[in-house]
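Visitor: For reference, the structure I am asking about is given below.
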Amino acid sequence: MNDADVITAVKASYAGIHMDVPLDVIEGRGRRLRAHRRLPGLAGVAGTVAILALAAALVFGSGRAAAPGGSTGTGRLTAWTVVSQPGGGVRVALRGSQIRDLAGLQDRLRGDGIPARVARIGYRRPPLNVPGCRVFGDWSPVPGGISRALWLKIFYGPHTGQQSKRAFWVYPSAIPRGLGVLVDIYYDGTFGLYVVRASPPCTGS
Amino acid sequence: MSQEQADFAAFYEGSRDDCLRTVLAVVRDVDKAQDLVAEAFARAWASWRRVSRHPAPRAWVVRTALNLGVSSWRRHRRELPLTDHDVPAYGPATSQVNAELVAALQRLPARQRQVVALRIFLDLDTAHTAEVLGIAPGTVTAHLTRALTALRAELAAYESEGTPS
């Protein structure tokens, strides 16, 4: 057996591997990357403001006091902030295109009494197929499904209209016993929200 | 569709499987490889005017994907692991020998896997492979020789086991 035979065999062994991410998904992500690049000046200003705000918080020690009755994202200015709202909701704000410390966000949500799973599921793996989780993908009135009304109560509460692409709400009191939430953080820092069956491997409880 | 879009679509259609196979051979996890390659293609589209003039655009995509893999590991090592993500899934093996070969390739040292992947799946020559990996051409040749020797031995062993005596 010569080298050419080995190379042919190796190629054949991967012949069943195919990239199945649709072109429009790739192009959409590429367009967002281009858009981000076009705003360097704005990003610079925003960065300067953030640095000044951080300096002010350090000088005056008022960083956490600004959060109304809630907890903040442990000072990670480029990651996320979790704030408990007076109405019983929990607001999660995401910052930056690369959300870091997903485990920290998950711990924070669980610490606030929300059976939660936070993951970056990625391009290919469908969110309904998260290991360890039974994910409710759509609203179905049939037994075993969840209603759209319940999904709205959990993630919108009293809100109406569109939520922000960079922030979402969870209403723990609206989550029925036995259910939890799945937050899928996308590559560009946006997210998807799903209801899951609460279980130790999925939501920790 | 603009000409630029059409060019990129043709590039994606003609390169995506080879790029995926190359990255998969290195990272050994098909979901992770898909994500890395998808992100690399997205970045290629974001910079298409520049990437389309690159002497080896497919190598650019693979290098970007592999670089993303390194920085992703550094960035996400504290993230919640999805419990069965570490189970390699290589797609349908068409025969037992394919599965054996895939496993043999996965057992090679990382640098040998990289060289094999770039040479075999992307058909890069020694100079381009060396450039992508940032190593000397002679080192590429040495790694490739060792890797092919190991793979040949695996294949020979399989064939001798599989042949009735």
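Labels for the structure tokens follow display order: chains A, B, ..., residues from 1 in each chain, ligands from 1.
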Report as a PyMOL selection string: the residues of chain B with a DSSP assignment of helix (DSSP H, G or I), based on the backbone of this structure.

Guide: chain B and resi 3-27+30-46+48-51+57-76+96-107+110-120+126-133+137-162

Visitor: Based on only C-alpha atoms, which of the residues in chain A come within 8 Å of chain B? I want them as a VMD selection string.

Guide: chain A and resid 1 to 3 6 to 7 9 to 14 16 to 19 21 23 26 to 31 33 to 34 100 to 104 118 to 119 122 to 125 130 to 132

Visitor: Would you export the selected residues with N, CA, C and O atoms as a compact mmCIF listing (two decimals), in the first residue's frame, please?

Guide:
```
# COMPACT_ATOMS: atom_id res chain seq x y z
N MET A 1 0.85 -1.21 0.00
CA MET A 1 0.00 0.00 0.00
C MET A 1 0.88 1.26 0.00
O MET A 1 1.75 1.39 0.86
N ASN A 2 0.68 2.12 -0.96
CA ASN A 2 1.50 3.33 -1.02
C ASN A 2 0.75 4.53 -0.42
O ASN A 2 -0.41 4.41 0.00
N ASP A 3 1.44 5.67 -0.44
CA ASP A 3 0.85 6.87 0.16
C ASP A 3 -0.47 7.25 -0.50
O ASP A 3 -1.42 7.67 0.16
N VAL A 6 -3.31 5.32 0.90
CA VAL A 6 -3.69 5.79 2.25
C VAL A 6 -4.50 7.08 2.14
O VAL A 6 -5.55 7.24 2.79
N ILE A 7 -4.03 7.99 1.30
CA ILE A 7 -4.73 9.27 1.15
C ILE A 7 -6.14 9.04 0.60
O ILE A 7 -7.12 9.62 1.08
N ALA A 9 -7.94 6.39 0.96
CA ALA A 9 -8.75 5.76 2.01
C ALA A 9 -9.19 6.79 3.05
O ALA A 9 -10.33 6.77 3.53
N VAL A 10 -8.28 7.69 3.41
CA VAL A 10 -8.64 8.72 4.39
C VAL A 10 -9.73 9.63 3.84
O VAL A 10 -10.71 9.94 4.51
N LYS A 11 -9.56 10.03 2.59
CA LYS A 11 -10.60 10.89 1.97
C LYS A 11 -11.94 10.17 1.97
O LYS A 11 -12.98 10.76 2.28
N ALA A 12 -11.92 8.91 1.61
CA ALA A 12 -13.18 8.15 1.54
C ALA A 12 -13.82 8.03 2.92
O ALA A 12 -15.05 8.02 3.04
N SER A 13 -12.99 7.96 3.95
CA SER A 13 -13.54 7.77 5.29
C SER A 13 -14.30 9.00 5.77
O SER A 13 -15.11 8.91 6.69
N TYR A 14 -14.03 10.16 5.18
CA TYR A 14 -14.74 11.39 5.58
C TYR A 14 -15.78 11.80 4.54
O TYR A 14 -16.33 12.90 4.61
N GLY A 16 -18.71 10.97 4.13
CA GLY A 16 -20.07 11.16 4.64
C GLY A 16 -20.25 12.44 5.44
O GLY A 16 -21.35 12.71 5.94
N ILE A 17 -19.19 13.22 5.58
CA ILE A 17 -19.26 14.45 6.37
C ILE A 17 -19.65 15.62 5.47
O ILE A 17 -18.97 15.90 4.49
N HIS A 18 -20.73 16.28 5.83
CA HIS A 18 -21.19 17.41 5.02
C HIS A 18 -21.54 18.59 5.91
O HIS A 18 -22.07 18.41 7.01
N MET A 19 -21.25 19.76 5.41
CA MET A 19 -21.59 21.00 6.09
C MET A 19 -23.04 21.34 5.76
O MET A 19 -23.39 21.50 4.59
N VAL A 21 -24.93 23.93 7.26
CA VAL A 21 -25.39 25.26 7.66
C VAL A 21 -25.82 26.01 6.40
O VAL A 21 -25.04 26.14 5.46
N LEU A 23 -26.62 28.73 3.54
CA LEU A 23 -25.87 29.91 3.10
C LEU A 23 -26.44 31.20 3.70
O LEU A 23 -25.68 32.10 4.08
N ILE A 26 -25.07 31.96 7.09
CA ILE A 26 -23.69 32.45 7.00
C ILE A 26 -23.68 33.93 6.57
O ILE A 26 -23.00 34.77 7.18
N GLU A 27 -24.46 34.22 5.54
CA GLU A 27 -24.46 35.59 5.03
C GLU A 27 -25.04 36.57 6.06
O GLU A 27 -24.56 37.70 6.20
N GLY A 28 -26.08 36.12 6.78
CA GLY A 28 -26.67 37.00 7.80
C GLY A 28 -25.67 37.35 8.88
O GLY A 28 -25.54 38.51 9.28
N ARG A 29 -24.96 36.33 9.32
CA ARG A 29 -23.93 36.56 10.34
C ARG A 29 -22.82 37.47 9.79
O ARG A 29 -22.33 38.37 10.47
N GLY A 30 -22.43 37.24 8.54
CA GLY A 30 -21.40 38.07 7.92
C GLY A 30 -21.83 39.52 7.82
O GLY A 30 -21.03 40.44 8.05
N ARG A 31 -23.10 39.73 7.49
CA ARG A 31 -23.60 41.12 7.40
C ARG A 31 -23.53 41.80 8.76
O ARG A 31 -23.18 42.98 8.87
N LEU A 33 -21.45 41.13 11.13
CA LEU A 33 -20.04 41.42 11.41
C LEU A 33 -19.60 42.69 10.69
O LEU A 33 -18.89 43.53 11.25
N ARG A 34 -20.04 42.82 9.44
CA ARG A 34 -19.70 44.04 8.69
C ARG A 34 -20.27 45.28 9.38
O ARG A 34 -19.60 46.30 9.50
N ARG A 100 -19.53 36.20 27.56
CA ARG A 100 -18.64 35.28 28.27
C ARG A 100 -19.30 34.79 29.55
O ARG A 100 -20.29 35.32 30.00
N ASP A 101 -18.73 33.81 30.12
CA ASP A 101 -19.12 33.30 31.43
C ASP A 101 -20.60 32.91 31.45
O ASP A 101 -21.37 33.39 32.27
N LEU A 102 -20.97 32.05 30.54
CA LEU A 102 -22.35 31.57 30.53
C LEU A 102 -22.67 30.80 31.80
O LEU A 102 -23.80 30.87 32.30
N ALA A 103 -21.68 30.06 32.32
CA ALA A 103 -21.93 29.32 33.55
C ALA A 103 -22.23 30.27 34.70
O ALA A 103 -23.07 29.99 35.56
N GLY A 104 -21.55 31.43 34.70
CA GLY A 104 -21.80 32.42 35.74
C GLY A 104 -23.21 32.97 35.64
O GLY A 104 -23.91 33.16 36.65
N VAL A 118 -28.27 27.81 30.59
CA VAL A 118 -27.74 28.81 29.67
C VAL A 118 -26.66 28.13 28.84
O VAL A 118 -25.76 27.50 29.38
N ALA A 119 -26.78 28.23 27.54
CA ALA A 119 -25.82 27.53 26.68
C ALA A 119 -25.65 28.28 25.37
O ALA A 119 -26.52 29.04 24.96
N GLY A 122 -25.13 26.94 19.20
CA GLY A 122 -24.34 26.93 17.98
C GLY A 122 -25.17 26.88 16.72
O GLY A 122 -26.39 26.86 16.74
N TYR A 123 -24.46 26.85 15.61
CA TYR A 123 -25.11 26.93 14.31
C TYR A 123 -25.94 25.69 14.01
O TYR A 123 -26.97 25.75 13.38
N ARG A 124 -25.43 24.56 14.36
CA ARG A 124 -25.97 23.33 13.80
C ARG A 124 -26.95 22.64 14.73
O ARG A 124 -28.00 22.20 14.32
N ARG A 125 -26.57 22.53 15.98
CA ARG A 125 -27.40 21.76 16.89
C ARG A 125 -28.72 22.48 17.10
O ARG A 125 -28.73 23.61 17.59
N VAL A 130 -31.04 19.78 23.03
CA VAL A 130 -29.99 20.06 24.01
C VAL A 130 -29.86 18.85 24.93
O VAL A 130 -30.86 18.41 25.51
N PRO A 131 -28.66 18.31 25.06
CA PRO A 131 -28.48 17.12 25.88
C PRO A 131 -29.00 17.35 27.30
O PRO A 131 -28.70 18.37 27.92
N GLY A 132 -29.73 16.38 27.78
CA GLY A 132 -30.22 16.44 29.15
C GLY A 132 -31.48 17.25 29.32
O GLY A 132 -32.02 17.33 30.42
```

Visitor: Find the residues near A:Val183: any atom within 8 Å, counting only C-alpha atoms, skip ones fewer than 2 places away on the same chain, and give them as a list in words.

Guide: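 In the requested form, the answer reads Ala116, Arg117, Val118, Ala119, Val181, Ile185, Phe191, Gly192, Leu193 and Tyr194 of chain A.
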
Visitor: What is the atom CA of A:Phe155-atom CA of A:Pro86 distance in Å, reported with one decimal?

Guide: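 Separation of atom CA of A:Phe155 and atom CA of A:Pro86: 15.6 Å.
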
Visitor: Could you work out how far atom CA of A:Cys202 lies from atom CA of A:Cys133, giving the answer in Å with one decimal?

Guide: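 Rounded to one decimal, the two atoms are 4.9 Å apart.
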
Visitor: Which value, in Å to one decimal, gives the distance between atom CA of B:Gly134 and atom CA of B:Ala110?

Guide: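 That distance, rounded to one decimal, is 14.1 Å.
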
Visitor: List as a list in words the protein and nucleic acid residues near A:Gly89, meaning an atom at most 7 Å away when only C-alpha atoms are counted, but skip any in the same chain fewer than 2 places from it.

Guide: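 What passes the distance filter is Ser84, Gln85, Gly87, Arg91, Trp169, Val170, Tyr171 and Pro172 of chain A.
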